[in-house]
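File shown: model.pdb. Contents: PDB, C-alpha atoms.
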ATOM      1  CA  MET J   1     -28.824 282.220-251.970
ATOM      2  CA  LYS J   2     -30.405 279.542-249.809
ATOM      3  CA  SER J   3     -29.138 276.002-250.211
ATOM      4  CA  PHE J   4     -31.403 273.224-251.409
ATOM      5  CA  ARG J   5     -31.390 271.660-247.942
ATOM      6  CA  ILE J   6     -32.553 274.870-246.250
ATOM      7  CA  LEU J   7     -35.326 275.311-248.825
ATOM      8  CA  GLU J   8     -36.347 271.703-248.212
ATOM      9  CA  VAL J   9     -36.557 272.320-244.452
ATOM     10  CA  GLU J  10     -38.685 275.451-244.973
ATOM     11  CA  PHE J  11     -41.018 273.498-247.260
ATOM     12  CA  LEU J  12     -41.338 270.730-244.693
ATOM     13  CA  ILE J  13     -42.094 273.239-241.929
ATOM     14  CA  GLN J  14     -44.885 274.740-244.030
ATOM     15  CA  GLY J  15     -46.305 271.257-244.670
ATOM     16  CA  PHE J  16     -46.054 270.425-240.963
ATOM     17  CA  GLN J  17     -47.997 273.569-240.063
ATOM     18  CA  PHE J  18     -50.643 272.820-242.698
ATOM     19  CA  SER J  19     -51.163 269.302-241.326
ATOM     20  CA  LYS J  20     -51.266 270.661-237.768
ATOM     21  CA  ASP J  21     -54.005 273.144-238.733
ATOM     22  CA  GLY J  22     -55.948 270.341-240.418
ATOM     23  CA  LEU J  23     -55.654 268.175-237.307
ATOM     24  CA  GLU J  24     -56.976 270.986-235.098
ATOM     25  CA  SER J  25     -59.860 271.631-237.489
ATOM     26  CA  LYS J  26     -60.863 267.941-237.429
ATOM     27  CA  ARG J  27     -60.634 267.887-233.623
ATOM     28  CA  LEU J  28     -63.005 270.839-233.341
ATOM     29  CA  ALA J  29     -65.354 269.258-235.901
ATOM     30  CA  ILE J  30     -65.482 266.064-233.807
ATOM     31  CA  GLU J  31     -66.395 268.131-230.728
ATOM     32  CA  VAL J  32     -69.208 269.871-232.634
ATOM     33  CA  ILE J  33     -70.602 266.582-233.974
ATOM     34  CA  ALA J  34     -70.421 265.027-230.495
ATOM     35  CA  ASN J  35     -72.365 268.007-229.104
ATOM     36  CA  ASN J  36     -74.985 267.583-231.843
ATOM     37  CA  LEU J  37     -75.415 263.933-230.906
ATOM     38  CA  ALA J  38     -75.595 264.758-227.196
ATOM     39  CA  ASN J  39     -78.540 267.079-227.944
ATOM     40  CA  VAL J  40     -80.479 264.847-230.320
ATOM     41  CA  SER J  41     -83.350 264.808-227.799
ATOM     42  CA  SER J  42     -83.048 268.419-226.583
ATOM     43  CA  VAL J  43     -86.105 270.598-227.215
ATOM     44  CA  GLY J  44     -85.544 273.156-229.979
ATOM     45  CA  PHE J  45     -81.824 272.398-230.311
ATOM     46  CA  LYS J  46     -80.107 273.575-233.507
ATOM     47  CA  ARG J  47     -77.232 271.503-234.853
ATOM     48  CA  SER J  48     -73.906 273.002-235.901
ATOM     49  CA  ASP J  49     -71.370 272.448-238.658
ATOM     50  CA  MET J  50     -67.707 273.443-238.826
ATOM     51  CA  PHE J  51     -66.043 275.159-241.743
ATOM     52  CA  SER J  52     -62.709 276.914-242.295
ATOM     53  CA  GLN J  53     -62.615 280.631-242.938
ATOM     54  CA  SER J  54     -59.505 282.567-243.959
ATOM     55  CA  LEU J  55     -58.226 285.676-242.287
ATOM     56  CA  ARG J  56     -57.934 287.286-245.709
ATOM     57  CA  ASP J  57     -59.337 286.653-249.147
ATOM     58  CA  ALA J  58     -57.609 283.531-250.492
ATOM     59  CA  GLN J  59     -57.339 285.187-253.905
ATOM     60  CA  THR J  60     -55.076 287.895-252.504
ATOM     61  CA  ASN J  61     -53.259 285.783-249.932
ATOM     62  CA  SER J  62     -52.695 282.123-250.673
ATOM     63  CA  HIS J  63     -51.049 281.662-247.253
ATOM     64  CA  ALA J  64     -54.019 282.903-245.231
ATOM     65  CA  GLU J  65     -54.432 281.080-241.943
ATOM     66  CA  PRO J  66     -57.465 278.769-241.849
ATOM     67  CA  ILE J  67     -59.751 279.524-238.918
ATOM     68  CA  PRO J  68     -62.334 276.909-237.866
ATOM     69  CA  LYS J  69     -65.764 278.512-237.472
ATOM     70  CA  GLU J  70     -69.054 277.160-236.178
ATOM     71  CA  SER J  71     -72.094 277.502-238.408
ATOM     72  CA  ILE J  72     -75.500 276.995-236.757
ATOM     73  CA  ASP J  73     -78.157 275.240-238.816
ATOM     74  CA  PHE J  74     -81.487 276.928-238.044
ATOM     75  CA  ALA J  75     -83.630 274.513-240.057
ATOM     76  CA  GLN J  76     -86.844 273.824-238.161
ATOM     77  CA  GLY J  77     -87.199 270.589-236.230
ATOM     78  CA  SER J  78     -90.397 268.569-236.225
ATOM     79  CA  ILE J  79     -93.341 269.941-234.200
ATOM     80  CA  GLN J  80     -94.470 267.334-231.680
ATOM     81  CA  LEU J  81     -97.676 267.175-229.637
ATOM     82  CA  THR J  82     -97.310 267.186-225.832
ATOM     83  CA  GLY J  83    -100.759 268.284-224.686
ATOM     84  CA  ASN J  84     -99.266 270.624-222.064
ATOM     85  CA  PRO J  85    -100.884 274.068-222.549
ATOM     86  CA  MET J  86     -97.673 275.822-221.464
ATOM     87  CA  ASP J  87     -95.577 274.018-224.071
ATOM     88  CA  LEU J  88     -95.198 276.318-227.071
ATOM     89  CA  ALA J  89     -93.709 275.787-230.522
ATOM     90  CA  ILE J  90     -93.157 278.369-233.239
ATOM     91  CA  GLU J  91     -93.890 277.493-236.836
ATOM     92  CA  GLY J  92     -91.851 279.884-238.933
ATOM     93  CA  ALA J  93     -88.797 282.082-238.457
ATOM     94  CA  GLY J  94     -89.437 283.365-234.938
ATOM     95  CA  PHE J  95     -87.784 283.236-231.500
ATOM     96  CA  PHE J  96     -89.210 283.603-227.989
ATOM     97  CA  SER J  97     -87.728 286.543-226.071
ATOM     98  CA  LEU J  98     -86.428 285.966-222.550
ATOM     99  CA  ASP J  99     -85.349 288.183-219.667
ATOM    100  CA  THR J 100     -82.203 286.581-218.215
ATOM    101  CA  LYS J 101     -79.452 287.578-215.770
ATOM    102  CA  GLU J 102     -77.248 288.267-218.813
ATOM    103  CA  GLY J 103     -79.869 290.441-220.503
ATOM    104  CA  ILE J 104     -82.302 289.686-223.309
ATOM    105  CA  ARG J 105     -81.819 286.282-224.894
ATOM    106  CA  TYR J 106     -83.756 284.296-227.481
ATOM    107  CA  THR J 107     -84.805 280.661-227.640
ATOM    108  CA  LEU J 108     -86.816 278.057-229.514
ATOM    109  CA  GLN J 109     -87.204 275.884-226.430
ATOM    110  CA  GLY J 110     -90.828 276.465-225.501
ATOM    111  CA  ASN J 111     -91.125 274.044-222.577
ATOM    112  CA  PHE J 112     -92.219 276.769-220.169
ATOM    113  CA  LYS J 113     -93.504 276.558-216.598
ATOM    114  CA  LEU J 114     -94.684 278.782-213.753
ATOM    115  CA  ASP J 115     -92.283 279.788-210.997
ATOM    116  CA  SER J 116     -93.230 280.212-207.339
ATOM    117  CA  GLU J 117     -94.444 283.770-207.997
ATOM    118  CA  GLY J 118     -96.592 282.811-210.964
ATOM    119  CA  PHE J 119     -94.274 284.089-213.715
ATOM    120  CA  LEU J 120     -93.931 282.164-216.951
ATOM    121  CA  THR J 121     -90.321 280.965-217.146
ATOM    122  CA  THR J 122     -87.980 278.487-218.757
ATOM    123  CA  PRO J 123     -86.928 275.403-216.748
ATOM    124  CA  ASP J 124     -83.768 277.373-215.825
ATOM    125  CA  GLY J 125     -85.783 280.273-214.403
ATOM    126  CA  ASP J 126     -85.435 282.808-217.236
ATOM    127  CA  TYR J 127     -88.546 284.938-217.698
ATOM    128  CA  VAL J 128     -90.651 284.680-220.861
ATOM    129  CA  LEU J 129     -91.385 288.150-222.220
ATOM    130  CA  GLY J 130     -94.609 289.616-223.561
ATOM    131  CA  ASP J 131     -95.199 293.012-225.122
ATOM    132  CA  SER J 132     -95.472 294.495-221.598
ATOM    133  CA  GLY J 133     -92.571 292.662-219.994
ATOM    134  CA  ARG J 134     -92.588 289.501-217.887
ATOM    135  CA  ILE J 135     -95.766 287.408-218.084
ATOM    136  CA  ARG J 136     -97.443 286.759-214.748
ATOM    137  CA  VAL J 137    -100.173 284.148-214.662
ATOM    138  CA  GLU J 138    -103.130 284.518-212.313
ATOM    139  CA  GLY J 139    -105.674 281.917-213.273
ATOM    140  CA  GLU J 140    -105.980 279.922-216.499
ATOM    141  CA  ILE J 141    -103.616 280.828-219.319
ATOM    142  CA  ARG J 142    -104.124 280.245-223.031
ATOM    143  CA  PHE J 143    -102.200 281.228-226.143
ATOM    144  CA  SER J 144    -103.667 281.892-229.578
ATOM    145  CA  ASP J 145    -102.079 280.959-232.898
ATOM    146  CA  ASP J 146    -100.935 284.556-233.427
ATOM    147  CA  GLY J 147     -99.189 284.705-230.031
ATOM    148  CA  LYS J 148    -101.819 286.521-227.999
ATOM    149  CA  VAL J 149    -101.954 285.730-224.269
ATOM    150  CA  PHE J 150    -105.332 285.091-222.580
ATOM    151  CA  LEU J 151    -105.864 284.896-218.818
ATOM    152  CA  ASN J 152    -109.199 283.525-217.636
ATOM    153  CA  GLY J 153    -110.549 284.015-221.141
ATOM    154  CA  GLU J 154    -109.506 287.662-221.484
ATOM    155  CA  GLU J 155    -106.756 288.904-223.762
ATOM    156  CA  THR J 156    -103.976 290.415-221.650
ATOM    157  CA  GLY J 157    -101.069 290.805-224.036
ATOM    158  CA  GLN J 158     -98.892 289.343-226.741
ATOM    159  CA  LEU J 159     -95.888 287.060-226.615
ATOM    160  CA  ASP J 160     -92.715 288.934-227.567
ATOM    161  CA  ILE J 161     -91.688 286.843-230.556
ATOM    162  CA  VAL J 162     -89.011 288.296-232.816
ATOM    163  CA  LYS J 163     -87.374 287.514-236.116
ATOM    164  CA  ILE J 164     -83.592 287.700-236.589
ATOM    165  CA  SER J 165     -83.027 289.192-240.028
ATOM    166  CA  ASP J 166     -79.394 288.042-240.156
ATOM    167  CA  LYS J 167     -78.875 284.787-238.291
ATOM    168  CA  SER J 168     -75.093 285.115-238.581
ATOM    169  CA  LYS J 169     -75.477 287.688-235.797
ATOM    170  CA  LEU J 170     -76.759 284.998-233.424
ATOM    171  CA  PHE J 171     -74.415 283.217-231.030
ATOM    172  CA  ARG J 172     -74.974 280.412-228.564
ATOM    173  CA  ALA J 173     -75.447 281.678-225.005
ATOM    174  CA  GLY J 174     -75.774 278.305-223.257
ATOM    175  CA  ASN J 175     -78.778 276.227-222.165
ATOM    176  CA  GLY J 176     -80.534 276.526-225.520
ATOM    177  CA  LEU J 177     -80.335 280.336-225.553
ATOM    178  CA  PHE J 178     -79.030 282.695-228.220
ATOM    179  CA  GLY J 179     -77.690 286.209-228.017
ATOM    180  CA  VAL J 180     -77.247 288.695-230.850
ATOM    181  CA  SER J 181     -74.069 290.599-231.673
ATOM    182  CA  ASP J 182     -76.012 293.353-233.451
ATOM    183  CA  GLU J 183     -79.404 294.479-232.121
ATOM    184  CA  ARG J 184     -80.308 295.848-235.559
ATOM    185  CA  ALA J 185     -80.833 292.236-236.661
ATOM    186  CA  VAL J 186     -83.798 291.901-234.239
ATOM    187  CA  VAL J 187     -87.113 292.776-235.887
ATOM    188  CA  GLU J 188     -90.746 292.454-234.826
ATOM    189  CA  MET J 189     -92.680 289.218-234.976
ATOM    190  CA  PRO J 190     -93.162 288.165-238.628
ATOM    191  CA  GLU J 191     -96.748 287.737-239.792
ATOM    192  CA  ALA J 192     -96.047 284.232-241.119
ATOM    193  CA  VAL J 193     -95.227 282.919-237.643
ATOM    194  CA  LYS J 194     -97.714 280.591-235.946
ATOM    195  CA  VAL J 195     -97.672 279.692-232.250
ATOM    196  CA  LYS J 196     -98.786 276.179-231.383
ATOM    197  CA  ALA J 197     -99.796 275.619-227.767
ATOM    198  CA  GLY J 198     -99.460 272.055-226.498
ATOM    199  CA  TYR J 199     -96.565 271.363-228.865
ATOM    200  CA  LEU J 200     -92.775 271.511-228.764
ATOM    201  CA  GLU J 201     -90.192 271.812-231.517
ATOM    202  CA  ALA J 202     -87.817 268.849-231.532
ATOM    203  CA  SER J 203     -84.082 269.016-232.178
ATOM    204  CA  ASN J 204     -83.133 269.250-235.860
ATOM    205  CA  VAL J 205     -80.300 266.729-235.369
ATOM    206  CA  ASN J 206     -80.420 263.593-237.522
ATOM    207  CA  ALA J 207     -78.563 261.020-235.412
ATOM    208  CA  ILE J 208     -77.706 258.707-238.331
ATOM    209  CA  GLU J 209     -76.272 261.548-240.443
ATOM    210  CA  GLU J 210     -74.228 262.816-237.492
ATOM    211  CA  MET J 211     -72.834 259.328-236.782
ATOM    212  CA  VAL J 212     -71.740 258.989-240.421
ATOM    213  CA  LYS J 213     -70.048 262.406-240.230
ATOM    214  CA  LEU J 214     -68.377 261.469-236.949
ATOM    215  CA  ILE J 215     -66.894 258.297-238.436
ATOM    216  CA  GLU J 216     -65.705 260.094-241.595
ATOM    217  CA  THR J 217     -64.198 262.981-239.630
ATOM    218  CA  TYR J 218     -62.432 260.661-237.190
ATOM    219  CA  ARG J 219     -60.886 258.741-240.093
ATOM    220  CA  GLN J 220     -59.660 262.048-241.542
ATOM    221  CA  PHE J 221     -58.307 262.963-238.105
ATOM    222  CA  GLU J 222     -56.349 259.693-237.954
ATOM    223  CA  ALA J 223     -54.999 260.275-241.492
ATOM    224  CA  ASP J 224     -53.822 263.757-240.489
ATOM    225  CA  GLN J 225     -52.182 262.275-237.407
ATOM    226  CA  ARG J 226     -50.237 259.803-239.546
ATOM    227  CA  ALA J 227     -49.232 262.538-241.990
ATOM    228  CA  LEU J 228     -48.083 264.775-239.146
ATOM    229  CA  LYS J 229     -45.983 261.984-237.651
ATOM    230  CA  ALA J 230     -44.364 261.209-241.022
ATOM    231  CA  GLN J 231     -43.626 264.907-241.630
ATOM    232  CA  ASP J 232     -42.146 265.240-238.160
ATOM    233  CA  GLU J 233     -39.768 262.342-238.798
ATOM    234  CA  THR J 234     -38.789 263.721-242.233
ATOM    235  CA  LEU J 235     -38.315 267.229-240.830
ATOM    236  CA  ASN J 236     -36.126 265.927-238.004
ATOM    237  CA  LYS J 237     -33.931 264.077-240.513
ATOM    238  CA  ALA J 238     -33.731 267.116-242.817
ATOM    239  CA  VAL J 239     -32.769 269.460-239.950
ATOM    240  CA  ASN J 240     -30.007 267.083-238.854
ATOM    241  CA  ASP J 241     -28.722 266.913-242.454
ATOM    242  CA  VAL J 242     -28.645 270.726-242.654
ATOM    243  CA  GLY J 243     -26.658 270.813-239.458
ATOM    244  CA  ARG J 244     -23.961 268.657-241.059
ATOM    245  CA  VAL J 245     -23.673 270.867-244.177
TER
END
Here is a file; write its structure as structure tokens.
Amino acid sequence: MKSFRILEVEFLIQGFQFSKDGLESKRLAIEVIANNLANVSSVGFKRSDMFSQSLRDAQTNSHAEPIPKESIDFAQGSIQLTGNPMDLAIEGAGFFSLDTKEGIRYTLQGNFKLDSEGFLTTPDGDYVLGDSGRIRVEGEIRFSDDGKVFLNGEETGQLDIVKISDKSKLFRAGNGLFGVSDERAVVEMPEAVKVKAGYLEASNVNAIEEMVKLIETYRQFEADQRALKAQDETLNKAVNDVGRV
């Protein structure tokens, strides 16, 4: 049978690990909040939250390891007038489709431009897709509210705007792009979507709310640091006491 001292050490080790996991979770949360704040002015940016998810159902395993996970908030940002006919914003649950070096990606950043060959692209050079592939502009371009593309007054195609039926399948792919982990979640453009030319969707980050969260999370981080230090000192003393038994 284990002695009281050994049981005490095991209990302290479990508490130490719990505090360590909490510290790591707060650190990751601070990074996410800082990234939100850094993108408060980024076109179409979607803020993130952090939450802890267990490896197993907590009801069947009370010792399940907490895993910090990022949750993307896809709430729509405000639609702001720019007057640039190649700036596009989507009202509703749609995404622009892009042809990138990594394959098909999706975005809400509609600040498009023409490259040297006349293709409609993102500022990073990814190609905007229509129903017939990449969109090449020869002359004056215009977009209708339902996503149709007009060149020199004639309809030439349709923007490839899709809906993601399960947004948990989306992952960040850098530079305001998203990829999908399951192509079955990609469905055709929803009827409720409206394309607004001459507008851009702003970031959905509320700077004041994020600053409040940052302060609260940092205070929790400091509290976990103090708890971890105290547990370390207690554990060190307990281990030395066991060694003398």
Expressed in Å, the length from atom CA of Asp87 of chain J to atom CA of Arg142 of chain J is 10.6 Å
I'd like the contact shell of Val40 of chain J - 9 Å cut-off, all atoms listed in the file, skipping same-chain residues fewer than 3 positions apart - returned as a PyMOL selection string. chain J and resi 35-37+43+45+47+202-207
Restricting the output to C-alpha atoms, write the selected residues as an mmCIF file, in the frame of the given file.
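In the end it all went to again_30.cif:
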data_model
loop_
_atom_site.group_PDB
_atom_site.id
_atom_site.type_symbol
_atom_site.label_atom_id
_atom_site.label_comp_id
_atom_site.auth_asym_id
_atom_site.auth_seq_id
_atom_site.Cartn_x
_atom_site.Cartn_y
_atom_site.Cartn_z
ATOM 1 C CA ASN J 35 -72.365 268.007 -229.104
ATOM 2 C CA ASN J 36 -74.985 267.583 -231.843
ATOM 3 C CA LEU J 37 -75.415 263.933 -230.906
ATOM 4 C CA VAL J 43 -86.105 270.598 -227.215
ATOM 5 C CA PHE J 45 -81.824 272.398 -230.311
ATOM 6 C CA ARG J 47 -77.232 271.503 -234.853
ATOM 7 C CA ALA J 202 -87.817 268.849 -231.532
ATOM 8 C CA SER J 203 -84.082 269.016 -232.178
ATOM 9 C CA ASN J 204 -83.133 269.250 -235.860
ATOM 10 C CA VAL J 205 -80.300 266.729 -235.369
ATOM 11 C CA ASN J 206 -80.420 263.593 -237.522
ATOM 12 C CA ALA J 207 -78.563 261.020 -235.412
#
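Note that the spacing between atom CA of Lys69 of chain J and atom CA of Glu102 of chain J amounts to 24.0 Å.
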Between atom CA of Ile90 of chain J and atom CA of Val195 of chain J, what is the distance in Å, rounded to a tenth? 4.8 Å
Residue contacts of Glu138 of chain J (10 Å, all atoms listed in the file) excluding same-chain residues fewer than 2 positions away, as a PyMOL selection string: chain J and resi 117-119+135-136+140-141+151-152
Spell out the residues picked by the PyMOL selection byres ((chain J and resi 220) around 12) here, as a VMD selection string. chain J and resid 19 22 to 27 29 to 30 213 to 219 221 to 227
If you keep C-alpha atoms, can you produce a file of those selected residues as an mmCIF file, keeping the file's coordinate frame?
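Writing done, so here's out.cif:
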data_model
loop_
_atom_site.group_PDB
_atom_site.id
_atom_site.type_symbol
_atom_site.label_atom_id
_atom_site.label_comp_id
_atom_site.auth_asym_id
_atom_site.auth_seq_id
_atom_site.Cartn_x
_atom_site.Cartn_y
_atom_site.Cartn_z
ATOM 1 C CA SER J 19 -51.163 269.302 -241.326
ATOM 2 C CA GLY J 22 -55.948 270.341 -240.418
ATOM 3 C CA LEU J 23 -55.654 268.175 -237.307
ATOM 4 C CA GLU J 24 -56.976 270.986 -235.098
ATOM 5 C CA SER J 25 -59.860 271.631 -237.489
ATOM 6 C CA LYS J 26 -60.863 267.941 -237.429
ATOM 7 C CA ARG J 27 -60.634 267.887 -233.623
ATOM 8 C CA ALA J 29 -65.354 269.258 -235.901
ATOM 9 C CA ILE J 30 -65.482 266.064 -233.807
ATOM 10 C CA LYS J 213 -70.048 262.406 -240.230
ATOM 11 C CA LEU J 214 -68.377 261.469 -236.949
ATOM 12 C CA ILE J 215 -66.894 258.297 -238.436
ATOM 13 C CA GLU J 216 -65.705 260.094 -241.595
ATOM 14 C CA THR J 217 -64.198 262.981 -239.630
ATOM 15 C CA TYR J 218 -62.432 260.661 -237.190
ATOM 16 C CA ARG J 219 -60.886 258.741 -240.093
ATOM 17 C CA PHE J 221 -58.307 262.963 -238.105
ATOM 18 C CA GLU J 222 -56.349 259.693 -237.954
ATOM 19 C CA ALA J 223 -54.999 260.275 -241.492
ATOM 20 C CA ASP J 224 -53.822 263.757 -240.489
ATOM 21 C CA GLN J 225 -52.182 262.275 -237.407
ATOM 22 C CA ARG J 226 -50.237 259.803 -239.546
ATOM 23 C CA ALA J 227 -49.232 262.538 -241.990
#
Residues in the PyMOL selection byres ((chain J and resi 177) around 9), expressed as a VMD selection string: chain J and resid 98 105 to 109 171 to 176 178 to 179
Please report, as lines of an AutoDock Vina configuration file, the centre and edge lengths in Å to one decimal of an axis-aligned box covering all listed atoms of segment 102-105 of chain J with 5 Å per side.
center_x = -79.8
center_y = 288.4
center_z = -221.9
size_x = 15.1
size_y = 14.2
size_z = 16.1
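For the file at hand, the PyMOL selection byres ((chain J and resi 99) around 8) resolves to Ser97, Leu98, Thr100, Lys101, Gly103, Ile104, Arg105, Asp126, Tyr127, Val128, Leu129 and Arg134 of chain J.
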Min atom-atom distance to Phe95 of chain J from the set J:Lys148, J:Lys229, J:Lys163, J:Lys196, counting all atoms listed in the file, belongs to J:Lys163
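Omitting Glu188 of chain J and its sequence neighbours fewer than 5 positions away, and counting all atoms listed in the file, the residues within 12 Å are Ala93, Gly94, Phe95, Phe96, Ser97, Asp131, Gln158, Leu159, Asp160, Ile161, Val162, Lys163, Ile164, Ser165, Glu183 and Val193 of chain J.
For segment 80-86 of chain J, the residues within 10 Å (counting only C-alpha atoms, excluding itself and residues fewer than 4 positions away along the chain) are Gly110, Asn111, Phe112, Lys113, Leu114, Leu120, Thr121, Glu140, Ile141, Arg142, Phe143, Lys196, Ala197, Gly198, Tyr199, Leu200, Glu201 and Ala202 of chain J.
Of the residues under consideration (J:Gly147, J:Val180, J:Ser132, J:Gly157), J:Gly147 shows the shortest atom-to-atom contact distance to Glu91 of chain J when counting all atoms listed in the file.
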Using all atoms listed in the file, which residue out of J:Arg184, J:Gly153, J:Ser168, J:Met189 lies closest to Gly130 of chain J? J:Met189
